[in-house]
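Participant: Submitted below is the structure of interest, expressed as structure tokens.
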Amino acid sequence: ARVVLDGFDGDTTLSHGLGYLSELAKTGRWLKLALTSIPYSRLQGRPVVSDYLGWARIGLRHPSRDTVVGSLVRRVRRRKREGTAPDRAPPTNRHLVLNADFARLFSDRVVANPHPPTTEREFHLRKLSGLALFEGIGWLEACAAGRGVEVRLPFCDVRLVELCLSFPPDQKIRRGWTRFAMRRAMEGILPTAIQWRTGKTGLHAGRGRAWRSTQNGRIEAMLAEPSPAVRRYLDPERVLELHRRFLEDETDNDEGRMLWRALSLALWLSSRDV
């Protein structure tokens with residue numbers, strides 16, 4: 001079998017270290033928070049003051065911050081909530097593409113975690129043990145196996161994962177640089193411009209352009225007369241409306257990803273006798 005090395009999800013193994021900013025805020029280390037968040041905001045081209053205040057608010061809202069300022073902030077927020085009109089309708093997700101009955105089967109599982117992570121290590125561990133990571137690995141291995149390819153994921157080597165998880169937080173973000181340990185490790189291996197880059201190219205624009213330029217009416221026809229299997233899992237009318245908005249360039253990246261997954265499922269279900 002052919003073997004392919006894939007750099008899948010090195011970010012999760014390394015961690016950007018942004019949980020450290022939340023940790024500093026929740027433990028009231030304001031000076032250290034400023035020394036860490038300000039260089040990060042500058043490198044990302046983000047507003048320094050509003051970013052810092054955003055992290056500070058996270059700390060002030062945390063239950064452990066039993067301070068006068070924290071108490072005042074929570075009291076103001078509570079009064080604002082109590083002052084909300086009682087007949088105000090709860091917010092709804094108009095872009096939800098799942099069949100309502102199917103989604104209701106899992107509604108009890110989609111709840112906020114009552115114990116959110118506090119430290120960078122906890123943030124990192126939850127990302128490493130989350131279902132999204134294992135789901136992604138499963139997709140890669142299944143797609144590769146279907147083409148006679150064995151995919152190997154060096155960043156998912158348990159020894160590397162344990163090493164990165166053991167790093168202190170200032171080895172994950174330092175002087176504004178995320179994934180700091182990896183950048184230092186690549187000294188003399190990667191070109192400097194790549195080693196210390198602040199971002200990377202996204203694929204959303206190219207994918208969207210290709211998608212919009214190759215329309216042939218197949219999606220509209222499939223959703224206009226969906227098979228019973230498609231209706232069992234999806235809401236065809238909402239998927240069709242989201243697709244229309246996508247073609248008119250009215251969707252954001254999250255909506256685009258949701259649409260891509262919904263259409264992939266719909267096309268697969270439509271091709272099977274289920």
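Within each chain, counting starts at residue 1; across the structure tokens, chains are named A, B, ... in the order shown, with ligands numbered 1 upward in that order.
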If you run DSSP on the backbone here, which positions in stretch 49-269 of chain A get alpha helix (DSSP H)? Please write them as number ranges by chain.

Facilitator: A: 49-61, 68-82, 100-104, 120-128, 131-145, 158-166, 180-185, 192-195, 204-213, 218-224, 228-233, 236-247, 253-269

Participant: When you look at A:Leu35 with a cut-off of 9 Å (counting only C-alpha atoms), what residues show up, excluding the ones that are within fewer than 4 positions of it in the same chain? I need them as a ChimeraX atom specification.

Facilitator: /A:30-31,39,175-176

Participant: Dump N, CA and C atoms for the selected residues as a CSV table (one decimal), in the first residue's frame?

Facilitator:
chain,number,residue,atom,x,y,z
A,30,TRP,N,-3.3,40.4,36.1
A,30,TRP,CA,-3.6,41.4,35.0
A,30,TRP,C,-2.4,41.8,34.3
A,31,LEU,N,-1.3,42.0,35.0
A,31,LEU,CA,0.0,42.5,34.3
A,31,LEU,C,0.5,41.4,33.4
A,39,PRO,N,1.2,41.7,22.9
A,39,PRO,CA,2.0,41.3,21.7
A,39,PRO,C,1.2,40.4,20.7
A,175,ARG,N,5.6,36.1,23.9
A,175,ARG,CA,5.8,37.3,23.1
A,175,ARG,C,4.9,37.5,22.0
A,176,GLY,N,3.7,36.9,22.2
A,176,GLY,CA,2.6,37.1,21.1
A,176,GLY,C,2.6,35.9,20.1

Participant: Rank A:His243, A:Arg272, A:Arg121, A:His115 by their smallest atom-to-atom distance to A:Asp170, using only C-alpha atoms, and report the top residue only.

Facilitator: A:Arg121

Participant: Please run DSSP on the backbone and report, as a count of residues only, all residues within stretch 90-191 of chain A that come out as strand (DSSP E or B).

Facilitator: 9

Participant: Find the residue from A:Phe102, A:Trp177, A:Tyr52, A:Phe155 that sits nearest to A:Ala229; use only C-alpha atoms when measuring.

Facilitator: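 Once distances to A:Ala229 are computed over only C-alpha atoms, the minimum belongs to A:Phe102.
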
Participant: Residues at most 9 Å from A:Ala100, counting only C-alpha atoms, excluding those fewer than 6 positions away in the same chain, as a list in words?

Facilitator: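 The residues that qualify are Tyr233, Leu234 and Asp235 of chain A.
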
Participant: Quick one: residues within 12 Å of A:Thr251, only C-alpha atoms, excluding same-chain residues fewer than 6 positions away - as a PyMOL selection string?

Facilitator: chain A and resi 95+204-205+208+241-245+257-260

Participant: Could the residues in this selection be written to a file with N, CA, C and O atoms, as an mmCIF file, in the first residue's frame?

Facilitator:
data_model
loop_
_atom_site.group_PDB
_atom_site.id
_atom_site.type_symbol
_atom_site.label_atom_id
_atom_site.label_comp_id
_atom_site.auth_asym_id
_atom_site.auth_seq_id
_atom_site.Cartn_x
_atom_site.Cartn_y
_atom_site.Cartn_z
ATOM 1 N N HIS A 95 -30.537 28.974 10.428
ATOM 2 C CA HIS A 95 -29.724 28.242 9.466
ATOM 3 C C HIS A 95 -29.601 26.764 9.826
ATOM 4 O O HIS A 95 -28.829 26.046 9.202
ATOM 5 N N HIS A 204 -11.409 28.845 1.829
ATOM 6 C CA HIS A 204 -12.835 29.147 1.667
ATOM 7 C C HIS A 204 -13.118 29.897 0.372
ATOM 8 O O HIS A 204 -14.062 29.578 -0.351
ATOM 9 N N ALA A 205 -12.301 30.899 0.064
ATOM 10 C CA ALA A 205 -12.578 31.723 -1.118
ATOM 11 C C ALA A 205 -12.478 30.905 -2.398
ATOM 12 O O ALA A 205 -13.345 30.978 -3.274
ATOM 13 N N GLY A 208 -15.372 28.395 -2.585
ATOM 14 C CA GLY A 208 -16.622 29.081 -2.911
ATOM 15 C C GLY A 208 -16.688 29.512 -4.366
ATOM 16 O O GLY A 208 -17.724 29.388 -5.024
ATOM 17 N N GLU A 241 -32.585 27.113 0.977
ATOM 18 C CA GLU A 241 -32.487 28.553 1.236
ATOM 19 C C GLU A 241 -31.051 28.948 1.554
ATOM 20 O O GLU A 241 -30.557 29.980 1.098
ATOM 21 N N LEU A 242 -30.361 28.110 2.341
ATOM 22 C CA LEU A 242 -28.964 28.392 2.654
ATOM 23 C C LEU A 242 -28.106 28.321 1.401
ATOM 24 O O LEU A 242 -27.184 29.131 1.222
ATOM 25 N N HIS A 243 -28.417 27.400 0.508
ATOM 26 C CA HIS A 243 -27.676 27.291 -0.751
ATOM 27 C C HIS A 243 -27.906 28.532 -1.617
ATOM 28 O O HIS A 243 -26.976 29.043 -2.251
ATOM 29 N N ARG A 244 -29.143 29.029 -1.633
ATOM 30 C CA ARG A 244 -29.430 30.244 -2.398
ATOM 31 C C ARG A 244 -28.626 31.420 -1.852
ATOM 32 O O ARG A 244 -28.023 32.185 -2.623
ATOM 33 N N ARG A 245 -28.572 31.548 -0.528
ATOM 34 C CA ARG A 245 -27.804 32.627 0.077
ATOM 35 C C ARG A 245 -26.317 32.466 -0.203
ATOM 36 O O ARG A 245 -25.609 33.451 -0.395
ATOM 37 N N ARG A 257 -19.487 25.959 5.685
ATOM 38 C CA ARG A 257 -19.115 24.606 6.113
ATOM 39 C C ARG A 257 -20.353 23.774 6.436
ATOM 40 O O ARG A 257 -20.435 22.577 6.109
ATOM 41 N N MET A 258 -21.344 24.385 7.090
ATOM 42 C CA MET A 258 -22.579 23.675 7.400
ATOM 43 C C MET A 258 -23.270 23.228 6.113
ATOM 44 O O MET A 258 -23.733 22.080 6.003
ATOM 45 N N LEU A 259 -23.313 24.115 5.139
ATOM 46 C CA LEU A 259 -23.969 23.786 3.865
ATOM 47 C C LEU A 259 -23.229 22.668 3.153
ATOM 48 O O LEU A 259 -23.847 21.744 2.618
ATOM 49 N N TRP A 260 -21.906 22.737 3.136
ATOM 50 C CA TRP A 260 -21.111 21.704 2.462
ATOM 51 C C TRP A 260 -21.381 20.331 3.072
ATOM 52 O O TRP A 260 -21.556 19.332 2.364
#

Participant: Which is closest to A:Gly256 among A:Met222, A:Val4, A:Val158, A:Leu203, if we use only C-alpha atoms?

Facilitator: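 Closest residue, counting only C-alpha atoms: A:Leu203.
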
Participant: To one decimal in Å, tell me the separation between atom CA of A:Leu125 and atom CA of A:Pro154.

Facilitator: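 Calculated distance between atom CA of A:Leu125 and atom CA of A:Pro154 is 18.2 Å.
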
Participant: In Å, how far is it from atom CA of A:Pro191 to atom CA of A:His124?

Facilitator: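 A separation of 27.7 Å between them.
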
Participant: Can you tell me, as a ChimeraX atom specification, what residues are no more than 12 Å from A:Phe8 when counting only C-alpha atoms, ignoring any on the same chain fewer than 3 positions away?

Facilitator: /A:4-5,11-14,133-134,136-141,151-157

Participant: Distance atom CA of A:Arg238-atom CA of A:Leu96, one decimal place?

Facilitator: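 About the pair atom CA of A:Arg238 and atom CA of A:Leu96: they are 7.3 Å apart.
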
Participant: Find the residues around A:Lys172 up to 12 Å (only C-alpha atoms counted), leave out those fewer than 2 positions away in its own chain, and share them as a ChimeraX atom specification.

Facilitator: /A:11-21,36,120-121,124,163-170,174-184

Participant: Would you mind telling me which residue in A:Ala145, A:Val97, A:Leu247, A:Leu190 lies nearest to A:Gln215 when using only C-alpha atoms?

Facilitator: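 That would be A:Leu247, the residue with the smallest distance to A:Gln215.
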
Participant: What lies within 10 Å of A:Lys26 using only C-alpha atoms, ignoring chain neighbours under 4 positions off, as a count of residues only?

Facilitator: 17

Participant: Pick from A:Leu128, A:Leu53, A:Ile38, A:Ala144: nearest to A:Ala25, with only C-alpha atoms counted?

Facilitator: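 For A:Ala25, the nearest of the candidates is A:Leu53.
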
Participant: Smallest atom-to-atom distance to A:Leu98: which of A:Glu122, A:Leu269, A:Gly202, A:Val230, using only C-alpha atoms?

Facilitator: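 Residue with the minimum atom-to-atom distance to A:Leu98: A:Val230.
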